[in-house]
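These notes concern the structure reproduced below.
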Amino acid sequence: MALDRRRLISIVAGAAAVGGLIWLQRLDQTPQFVTVPTDAPGPPLPSPFLTAQLFHPGTRLRLDLGETAVAATEDAGVLDLPTGQLIAVDPSWLYRGPRPDTVPFTVSAPPGHYPLTLGLAVGPRSTGTLVAAAKLTIRDEPVATWEMALRPGEDTATLPPNHFFGVGVDVATIVLFDAVELPEMVSLTNAGSTAFDLVDQRHTTGSVELSQANTIAFQTGLGDGGYPVWIGRTGDGSVAAYMVDMLVLAPS
């Protein structure tokens, strides 16, 4: 999905950019295609190095809304990755079967168990506390470089300025899980599970144990929209972290 920084995707169950088209589907309708502009640059993206400051509690950061917030963190649990192939998706998009782009990122992690941390922006009363980022730590080492997480067929060279490939969200929630659990996740969602109804339950995160691994879901910043995922690498090129940016920080 190629999105500019604040392109919102409303009342739809799925959206994916395909050569200037976005695929839209309501739960009660057949897929349809609408043309969207792809040549106009969106607002600048925050640097992933800036977003990473959310994981240093006490750091003061400027929000995109113009307010100043203080960084805090929240432990979101440990994610099992038996194959190391990470999927990030809005859980509602699994209803009636996964969309074609519900696939793992091309860069995988070594199989293992990894802590997920939420980066919170604690702002004034007008904004409150926002889930501003989520980081899955693969190696607890300094990040030397960040790159955009991509799925098969995505190429950053094809993106207009300030656009990104990311995770589209319709229910203010992203869920992370290993690709081995995709069939079970689809079955769980189609069975009418409320396990991922975080907003209604007033919870920041939620976890579900599956047959081979688990899932962790978390709220997304200001709600629905599209959010980039970054991969941090150590100085020797090893994967150190995956970071979802909820785009609540000002670019500079």
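Each chain in the structure tokens gets a letter, A, B, ..., in the order shown, and its residues are numbered from 1; ligands are numbered from 1 in order too.
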
Quick one: everything within 6 Å of A:Ala133, counting only C-alpha atoms, minus sequence neighbours fewer than 5 positions away in the same chain. Send it as a PyMOL selection string. chain A and resi 118-119+244-246

As a ChimeraX atom specification, please: every residue in stretch 27-133 of chain A that a backbone DSSP assignment puts in strand (DSSP E or B). /A:32-35,60-63,68-81,86-89,112-122,129-133

Selected residue of minimal separation from A:Leu136 among A:Ser238, A:Ser47, A:Ser207, A:Thr117, counting only C-alpha atoms: A:Thr117

Rounded to one decimal, what separation in Å do you get between atom CA of A:Leu247 and atom CA of A:Val131? 9.9 Å

Write out as CSV the residues of stretch 51-107 of chain A that have any atom within 12 Å of an atom of stretch 226-230 of chain A, one row each with the nearest atom pair and its distance in Å to one decimal, counting only C-alpha atoms, sorted by chain and then rising number.
```
residue,atom,partner,partner_atom,distance
A:Thr51,CA,A:Trp230,CA,10.1
A:Ala52,CA,A:Trp230,CA,10.2
A:Leu86,CA,A:Val229,CA,11.3
A:Ile87,CA,A:Val229,CA,10.9
A:Ala88,CA,A:Val229,CA,8.8
A:Val89,CA,A:Tyr227,CA,10.4
A:Asp90,CA,A:Gly226,CA,10.1
A:Phe105,CA,A:Val229,CA,9.6
A:Val107,CA,A:Trp230,CA,10.7
```

For the selection just defined, write its residues with C-alpha atoms to a file, as a CSV table (one decimal), in the first residue's frame.
```csv
chain,number,residue,atom,x,y,z
A,51,THR,CA,10.4,8.3,16.1
A,52,ALA,CA,12.9,6.1,17.9
A,86,LEU,CA,6.4,-11.0,10.4
A,87,ILE,CA,2.9,-9.9,9.3
A,88,ALA,CA,1.4,-6.6,10.4
A,89,VAL,CA,-2.2,-6.0,9.4
A,90,ASP,CA,-5.5,-4.4,10.5
A,105,PHE,CA,7.7,-8.5,5.1
A,107,VAL,CA,13.0,-9.0,5.6
```

Sorted by chain and rising residue number, list the residues of stretch 132-162 of chain A at most 12 Å from stretch 77-81 of chain A (counting only C-alpha atoms), each with its closest atom pair and distance in Å to one decimal, as CSV.
```
residue,atom,partner,partner_atom,distance
A:Ala134,CA,A:Gly77,CA,11.5
A:Lys135,CA,A:Leu79,CA,11.2
A:Leu136,CA,A:Leu79,CA,8.1
A:Thr137,CA,A:Val78,CA,9.7
A:Ile138,CA,A:Leu79,CA,10.3
```

If you keep N, CA and C atoms, can you produce a file of those selected residues as a JSON list (two decimals), in the first residue's frame?
```
[["chain", "number", "residue", "atom", "x", "y", "z"],
["A", 134, "ALA", "N", 5.35, 1.55, 17.88],
["A", 134, "ALA", "CA", 5.49, 0.22, 18.48],
["A", 134, "ALA", "C", 6.78, -0.38, 17.94],
["A", 135, "LYS", "N", 7.60, -0.93, 18.83],
["A", 135, "LYS", "CA", 8.89, -1.48, 18.41],
["A", 135, "LYS", "C", 9.04, -2.92, 18.87],
["A", 136, "LEU", "N", 9.30, -3.79, 17.90],
["A", 136, "LEU", "CA", 9.60, -5.19, 18.18],
["A", 136, "LEU", "C", 11.12, -5.33, 18.15],
["A", 137, "THR", "N", 11.70, -5.58, 19.31],
["A", 137, "THR", "CA", 13.16, -5.64, 19.42],
["A", 137, "THR", "C", 13.66, -7.04, 19.10],
["A", 138, "ILE", "N", 14.47, -7.13, 18.07],
["A", 138, "ILE", "CA", 15.07, -8.41, 17.66],
["A", 138, "ILE", "C", 16.44, -8.57, 18.30]]
```

Near A:Gly221, within 7 Å and counting only C-alpha atoms, which residues show up once chain neighbours fewer than 2 positions away are dropped, as an MDAnalysis selection string? chainID A and resid 130:132 219 223 246 248

Please dump the current selection as a CSV table (one decimal), in the first residue's frame; keep N, CA and C atoms.
```csv
chain,number,residue,atom,x,y,z
A,130,LEU,N,-1.0,9.2,23.6
A,130,LEU,CA,-1.2,8.5,22.4
A,130,LEU,C,-0.2,7.4,22.2
A,131,VAL,N,-0.6,6.3,21.6
A,131,VAL,CA,0.3,5.3,21.2
A,131,VAL,C,0.9,5.8,19.9
A,132,ALA,N,2.2,6.2,20.0
A,132,ALA,CA,2.8,6.9,18.9
A,132,ALA,C,3.7,6.0,18.0
A,219,GLN,N,-3.2,-0.3,19.8
A,219,GLN,CA,-3.9,0.8,19.2
A,219,GLN,C,-3.0,1.7,18.3
A,223,GLY,N,-5.8,7.0,15.4
A,223,GLY,CA,-6.9,6.1,14.9
A,223,GLY,C,-6.6,5.6,13.5
A,246,MET,N,3.2,5.7,14.1
A,246,MET,CA,1.8,6.1,14.0
A,246,MET,C,1.7,7.6,13.6
A,248,VAL,N,2.4,10.6,14.7
A,248,VAL,CA,1.9,11.7,15.5
A,248,VAL,C,2.9,12.7,15.8
```

A:Ala179 surroundings by only C-alpha atoms, 12 Å radius, close-in-sequence under 6 positions cut, as a ChimeraX atom specification: /A:80-89,98,102-106,108-109,111,185-186,212-215

Long-range neighbours of A:Phe55 as a list in words, 7 Å cut-off, only C-alpha atoms, 2 positions minimum in chain: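 Contacts, with the query itself left out: Ala52, Gln53, Pro57, Ala71, Ala72, Thr73 and Gly119 of chain A.
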